[in-house]
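Enquirer: My structure is stored as target39.cif, with mmCIF, C-alpha atoms.
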```cif
data_my_file
#
loop_
_atom_site.group_PDB
_atom_site.id
_atom_site.type_symbol
_atom_site.label_atom_id
_atom_site.label_comp_id
_atom_site.auth_asym_id
_atom_site.auth_seq_id
_atom_site.Cartn_x
_atom_site.Cartn_y
_atom_site.Cartn_z
ATOM 1 C CA MET S 854 126.074 39.171 100.563
ATOM 2 C CA ARG S 855 128.168 41.445 102.763
ATOM 3 C CA ARG S 856 130.664 41.968 99.949
ATOM 4 C CA LEU S 857 127.858 42.920 97.537
ATOM 5 C CA ARG S 858 126.499 45.405 100.061
ATOM 6 C CA LEU S 859 129.987 46.925 100.415
ATOM 7 C CA VAL S 860 130.236 47.291 96.622
ATOM 8 C CA PHE S 861 126.874 49.114 96.502
ATOM 9 C CA VAL S 862 127.849 51.432 99.358
ATOM 10 C CA GLY S 863 131.218 52.159 97.727
ATOM 11 C CA THR S 864 129.560 52.865 94.389
ATOM 12 C CA ALA S 865 127.023 55.206 95.991
ATOM 13 C CA ILE S 866 129.744 57.134 97.833
ATOM 14 C CA GLY S 867 131.801 57.380 94.649
ATOM 15 C CA MET S 868 128.846 58.725 92.705
ATOM 16 C CA LEU S 869 128.192 61.369 95.348
ATOM 17 C CA VAL S 870 131.841 62.459 95.387
ATOM 18 C CA LEU S 871 132.128 62.631 91.602
ATOM 19 C CA SER S 872 128.764 64.235 90.879
ATOM 20 C CA SER S 873 128.704 67.933 90.051
ATOM 21 C CA SER S 874 127.895 70.022 93.059
ATOM 22 C CA VAL S 875 125.320 72.760 93.298
ATOM 23 C CA SER S 876 125.783 74.821 96.417
ATOM 24 C CA ALA S 877 123.500 77.460 97.789
ATOM 25 C CA SER S 878 123.452 80.312 100.241
ATOM 26 C CA SER S 879 120.123 81.557 101.540
ATOM 27 C CA SER S 880 118.471 84.351 103.467
ATOM 28 C CA VAL S 881 115.138 83.388 105.021
ATOM 29 C CA VAL S 882 112.462 85.516 106.711
ATOM 30 C CA SER S 883 109.428 84.232 108.606
ATOM 31 C CA ASP S 884 106.410 86.478 109.077
ATOM 32 C CA PRO S 885 103.400 85.839 111.330
ATOM 33 C CA ALA S 886 100.215 84.699 109.607
ATOM 34 C CA GLY S 887 97.351 87.160 109.999
ATOM 35 C CA ASP S 888 99.429 90.362 109.946
ATOM 36 C CA ALA S 889 98.452 91.521 106.431
ATOM 37 C CA ALA S 890 96.490 94.763 106.060
ATOM 38 C CA PRO S 891 92.906 94.498 107.396
ATOM 39 C CA GLY S 892 90.484 93.006 104.886
ATOM 40 C CA SER S 893 93.245 91.393 102.812
ATOM 41 C CA PRO S 894 92.778 87.866 101.494
ATOM 42 C CA ALA S 895 95.039 85.226 103.071
ATOM 43 C CA TYR S 896 96.746 84.631 99.706
ATOM 44 C CA VAL S 897 98.554 87.980 100.102
ATOM 45 C CA ASP S 898 99.526 87.268 103.741
ATOM 46 C CA ILE S 899 103.242 86.391 103.613
ATOM 47 C CA VAL S 900 104.347 83.746 106.115
ATOM 48 C CA HIS S 901 107.791 82.905 104.717
ATOM 49 C CA SER S 902 110.087 84.510 102.149
ATOM 50 C CA LYS S 903 113.505 83.472 100.912
ATOM 51 C CA VAL S 904 116.351 84.410 98.566
ATOM 52 C CA THR S 905 118.791 81.659 97.550
ATOM 53 C CA ALA S 906 121.883 81.682 95.323
ATOM 54 C CA GLN S 907 122.086 78.463 93.347
ATOM 55 C CA VAL S 908 125.816 78.799 92.746
ATOM 56 C CA GLY S 909 126.341 75.766 90.507
ATOM 57 C CA ARG S 910 123.582 77.133 88.271
ATOM 58 C CA ASP S 911 124.421 80.856 88.612
ATOM 59 C CA THR S 912 120.785 81.552 89.459
ATOM 60 C CA LEU S 913 119.053 83.576 92.152
ATOM 61 C CA TYR S 914 115.913 81.884 93.443
ATOM 62 C CA PHE S 915 113.223 83.978 95.150
ATOM 63 C CA SER S 916 110.335 82.284 96.937
ATOM 64 C CA MET S 917 107.356 83.377 98.995
ATOM 65 C CA GLU S 918 104.948 81.209 101.008
ATOM 66 C CA LEU S 919 101.508 82.643 101.697
ATOM 67 C CA ALA S 920 98.904 81.827 104.358
ATOM 68 C CA GLN S 921 96.531 80.389 101.729
ATOM 69 C CA ALA S 922 96.754 79.057 98.179
ATOM 70 C CA ILE S 923 96.369 81.646 95.431
ATOM 71 C CA PRO S 924 93.136 80.940 93.500
ATOM 72 C CA ALA S 925 93.634 79.504 90.003
ATOM 73 C CA ASN S 926 91.550 82.429 88.709
ATOM 74 C CA PRO S 927 92.155 85.212 91.240
ATOM 75 C CA PRO S 928 89.140 87.469 91.800
ATOM 76 C CA ASP S 929 91.476 90.464 92.082
ATOM 77 C CA SER S 930 92.162 92.629 89.039
ATOM 78 C CA PHE S 931 95.831 92.661 90.068
ATOM 79 C CA LEU S 932 98.107 90.654 92.359
ATOM 80 C CA GLY S 933 101.797 91.361 92.850
ATOM 81 C CA TYR S 934 104.464 89.485 94.773
ATOM 82 C CA ASN S 935 107.661 91.525 95.029
ATOM 83 C CA TRP S 936 111.206 91.341 96.370
ATOM 84 C CA PHE S 937 112.773 94.804 96.723
ATOM 85 C CA LEU S 938 116.586 94.732 96.536
ATOM 86 C CA ASP S 939 119.092 97.312 97.753
ATOM 87 C CA THR S 940 122.371 96.336 96.083
ATOM 88 C CA ILE S 941 124.173 99.565 97.042
ATOM 89 C CA PRO S 942 123.163 100.289 100.663
ATOM 90 C CA PRO S 943 122.126 102.694 102.092
ATOM 91 C CA ALA S 944 120.774 104.250 98.888
ATOM 92 C CA GLY S 945 117.437 102.390 99.030
ATOM 93 C CA SER S 946 115.956 99.806 96.691
ATOM 94 C CA ASP S 947 117.465 99.821 93.229
ATOM 95 C CA TYR S 948 115.766 96.685 91.860
ATOM 96 C CA VAL S 949 112.477 94.893 92.351
ATOM 97 C CA VAL S 950 111.803 91.313 91.271
ATOM 98 C CA VAL S 951 108.087 90.977 90.499
ATOM 99 C CA VAL S 952 105.695 88.119 89.808
ATOM 100 C CA ARG S 953 102.243 89.565 89.104
ATOM 101 C CA PHE S 954 98.784 88.696 87.831
ATOM 102 C CA CYS S 955 97.477 91.068 85.165
ATOM 103 C CA THR S 956 93.914 91.508 83.891
ATOM 104 C CA GLU S 957 92.142 93.814 81.454
ATOM 105 C CA ARG S 958 91.649 96.356 84.275
ATOM 106 C CA THR S 959 95.396 96.616 84.947
ATOM 107 C CA GLY S 960 96.667 95.868 81.440
ATOM 108 C CA ALA S 961 98.302 99.282 81.045
ATOM 109 C CA ALA S 962 100.683 98.419 83.900
ATOM 110 C CA CYS S 963 101.589 95.077 82.290
ATOM 111 C CA ALA S 964 103.517 93.907 79.234
ATOM 112 C CA PRO S 965 101.610 93.632 75.949
ATOM 113 C CA GLY S 966 99.939 90.279 75.444
ATOM 114 C CA PRO S 967 96.778 88.317 76.103
ATOM 115 C CA LEU S 968 95.089 88.872 79.455
ATOM 116 C CA PRO S 969 94.562 87.637 82.116
ATOM 117 C CA ARG S 970 97.996 86.107 82.793
ATOM 118 C CA TRP S 971 100.925 85.921 85.196
ATOM 119 C CA GLU S 972 104.206 87.624 84.301
ATOM 120 C CA GLY S 973 107.654 88.061 85.839
ATOM 121 C CA LEU S 974 109.914 91.086 85.575
ATOM 122 C CA VAL S 975 112.867 92.926 87.061
ATOM 123 C CA ASN S 976 112.484 96.697 87.410
ATOM 124 C CA ASP S 977 115.496 98.916 88.073
ATOM 125 C CA PHE S 978 113.404 102.130 88.317
ATOM 126 C CA VAL S 979 115.371 103.746 85.435
ATOM 127 C CA ASN S 980 115.184 101.456 82.400
ATOM 128 C CA PRO S 981 112.184 99.611 80.963
ATOM 129 C CA PRO S 982 111.309 96.434 82.891
ATOM 130 C CA ARG S 983 113.103 93.260 81.838
ATOM 131 C CA TYR S 984 110.663 90.374 81.631
ATOM 132 C CA PHE S 985 111.575 86.784 82.481
ATOM 133 C CA SER S 986 109.655 83.541 82.128
ATOM 134 C CA SER S 987 111.293 81.454 84.865
ATOM 135 C CA PHE S 988 108.651 81.785 87.565
ATOM 136 C CA LYS S 989 105.936 79.622 89.054
ATOM 137 C CA VAL S 990 102.761 80.243 91.043
ATOM 138 C CA ASP S 991 101.835 76.965 92.706
ATOM 139 C CA GLY S 992 99.231 76.827 95.459
ATOM 140 C CA ALA S 993 100.459 79.069 98.274
ATOM 141 C CA THR S 994 103.970 79.430 96.796
ATOM 142 C CA VAL S 995 105.369 82.030 94.388
ATOM 143 C CA LYS S 996 108.818 81.365 92.889
ATOM 144 C CA ALA S 997 111.090 83.343 90.573
ATOM 145 C CA PHE S 998 114.440 82.299 89.104
ATOM 146 C CA ILE S 999 116.665 85.028 87.655
ATOM 147 C CA ASP S 1000 120.150 85.456 86.259
ATOM 148 C CA PRO S 1001 122.139 87.562 88.790
ATOM 149 C CA ALA S 1002 123.224 89.803 85.882
ATOM 150 C CA LEU S 1003 119.657 91.213 85.797
ATOM 151 C CA ILE S 1004 120.422 92.919 89.126
ATOM 152 C CA GLY S 1005 124.081 93.771 88.483
ATOM 153 C CA SER S 1006 125.553 90.495 89.858
ATOM 154 C CA PRO S 1007 126.054 91.802 93.416
ATOM 155 C CA ALA S 1008 127.884 89.669 95.994
ATOM 156 C CA SER S 1009 125.380 90.823 98.624
ATOM 157 C CA PHE S 1010 122.271 92.953 99.046
ATOM 158 C CA GLU S 1011 119.523 93.941 101.476
ATOM 159 C CA TRP S 1012 115.994 92.797 100.624
ATOM 160 C CA GLN S 1013 112.352 92.916 101.650
ATOM 161 C CA SER S 1014 109.365 91.109 100.151
ATOM 162 C CA LEU S 1015 105.847 92.467 99.888
ATOM 163 C CA SER S 1016 102.486 91.648 98.360
ATOM 164 C CA ARG S 1017 100.026 93.910 96.544
ATOM 165 C CA THR S 1018 96.427 93.837 95.351
ATOM 166 C CA ARG S 1019 96.875 97.003 93.261
ATOM 167 C CA PRO S 1020 99.834 98.188 91.141
ATOM 168 C CA ALA S 1021 102.465 100.452 92.678
ATOM 169 C CA GLY S 1022 101.487 104.079 92.200
ATOM 170 C CA SER S 1023 97.764 103.313 92.511
ATOM 171 C CA GLY S 1024 97.548 104.859 95.967
ATOM 172 C CA VAL S 1025 96.790 101.483 97.584
ATOM 173 C CA ALA S 1026 99.494 100.400 100.033
ATOM 174 C CA PRO S 1027 101.069 96.932 99.936
ATOM 175 C CA ARG S 1028 99.089 94.301 101.852
ATOM 176 C CA ASP S 1029 101.987 92.634 103.729
ATOM 177 C CA PHE S 1030 105.758 92.893 104.214
ATOM 178 C CA ALA S 1031 108.428 90.368 105.202
ATOM 179 C CA PRO S 1032 110.366 91.353 107.145
ATOM 180 C CA ASN S 1033 107.904 93.881 108.529
ATOM 181 C CA ILE S 1034 110.717 96.395 109.060
ATOM 182 C CA CYS S 1035 113.269 96.589 106.256
ATOM 183 C CA CYS S 1036 115.501 94.641 105.557
ATOM 184 C CA ALA S 1037 117.051 91.168 105.527
ATOM 185 C CA SER S 1038 120.653 90.629 104.387
ATOM 186 C CA PHE S 1039 121.755 88.235 101.654
ATOM 187 C CA SER S 1040 125.292 87.214 100.610
ATOM 188 C CA ARG S 1041 126.415 84.683 98.073
#
```
As a first step, turn the structure in this file into structure tokens.

Expert:
Amino acid sequence: MRRLRLVFVGTAIGMLVLSSSVSASSSVVSDPAGDAAPGSPAYVDIVHSKVTAQVGRDTLYFSMELAQAIPANPPDSFLGYNWFLDTIPPAGSDYVVVVRFCTERTGAACAPGPLPRWEGLVNDFVNPPRYFSSFKVDGATVKAFIDPALIGSPASFEWQSLSRTRPAGSGVAPRDFAPNICCASFSR
């Protein structure tokens, strides 16, 4: 019996050693619950935000945890969860990764297609947005997975996440920020 156990342990260790590795580097920000703009719903109150490089997959993973689950059919005409990236400090943000909910009322700000729906995009403030489909809105979590080439494949950048209930340029300020004062640092 002992010999059989040793064989299983040896096999398990061998499998771990020989399996392909996926490493990651992360930058994580916690934000107090209840600090969103007055009157904001809890599903725009950021409590945790993260950027992770999934090196073995050459993917950047962005995630945001909110104080409450996002409704399956949000009552808002627009919701946006954003990660602003400054890849060439101190110039300011040169990319924004966005996961947003679009409706008929905000359709002009969204890509063509049936509404209402969620969509993901990267905006570089110069060229047309580049849309991506690797995102997920699940309960109180928003996730986006992008190819680093969409943001110029930087080795590091400064970042800040924020949430919105109206599109940028509407005159309505973001509802919450994490970190509250810009910015967190990320390196891969």

Enquirer: Quick one: which region 1004-1033 of chain S residues come within 9 Å of region 883-901 of chain S, and what is the nearest atom pair for each with the distance in Å to one decimal, counting all atoms listed in the file, rows ordered by chain and ascending number, as CSV?

Expert:
```
residue,atom,partner,partner_atom,distance
S:Ser1014,CA,S:Ile899,CA,8.5
S:Leu1015,CA,S:Ile899,CA,7.6
S:Ser1016,CA,S:Val897,CA,5.7
S:Arg1017,CA,S:Val897,CA,7.1
S:Thr1018,CA,S:Val897,CA,7.8
S:Ala1026,CA,S:Ala890,CA,8.8
S:Pro1027,CA,S:Ala890,CA,7.9
S:Arg1028,CA,S:Ala890,CA,5.0
S:Asp1029,CA,S:Ala889,CA,4.6
S:Phe1030,CA,S:Ile899,CA,7.0
S:Ala1031,CA,S:Asp884,CA,5.8
S:Pro1032,CA,S:Asp884,CA,6.6
S:Asn1033,CA,S:Asp884,CA,7.6
```

Enquirer: Could you write out as a list in words the residues that the PyMOL selection byres ((chain S and resi 1001) around 10) matches in the shown file?

Expert: Ala906, Asp911, Thr912, Leu913, Tyr914, Phe998, Ile999, Asp1000, Ala1002, Leu1003, Ile1004, Gly1005, Ser1006, Pro1007 and Ala1008 of chain S

Enquirer: Could you check the closest approach to Gly1022 (chain S) for each of S:Ala997, S:Val904, S:Val949, S:Ala962 and tell me which residue wins, using all atoms listed in the file?

Expert: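 Result for the nearest residue to Gly1022 (chain S): S:Ala962.
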
Enquirer: Separation of CA of Gly992 (chain S) and CA of Cys963 (chain S), in Å?

Expert: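 Those two atoms sit 22.6 Å apart.
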
Enquirer: With only C-alpha atoms as the atoms that count, which of S:Lys996, S:Pro942, S:Gln1013, S:Asn935 lies nearest to Asn976 (chain S)?

Expert: S:Asn935

Enquirer: Return as a list in words the set of residues that the PyMOL selection byres ((chain S and resi 940) around 7) yields on the displayed structure.

Expert: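 Selection result, ordered by chain and number: Leu938, Asp939, Ile941, Pro942, Asp947, Pro1007, Ser1009, Phe1010 and Glu1011 of chain S.
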
Enquirer: Report the distance between CA of Arg1041 (chain S) and CA of Val908 (chain S) in Å, rounded to one decimal place.

Expert: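 About the pair CA of Arg1041 (chain S) and CA of Val908 (chain S): they are 8.0 Å apart.
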
Enquirer: Calculated over only C-alpha atoms, which of the candidates S:Val1025, S:Val975, S:Ala920, S:Val995 has the smallest distance to Tyr934 (chain S)?

Expert: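 The answer is S:Val995, which sits nearest to Tyr934 (chain S).
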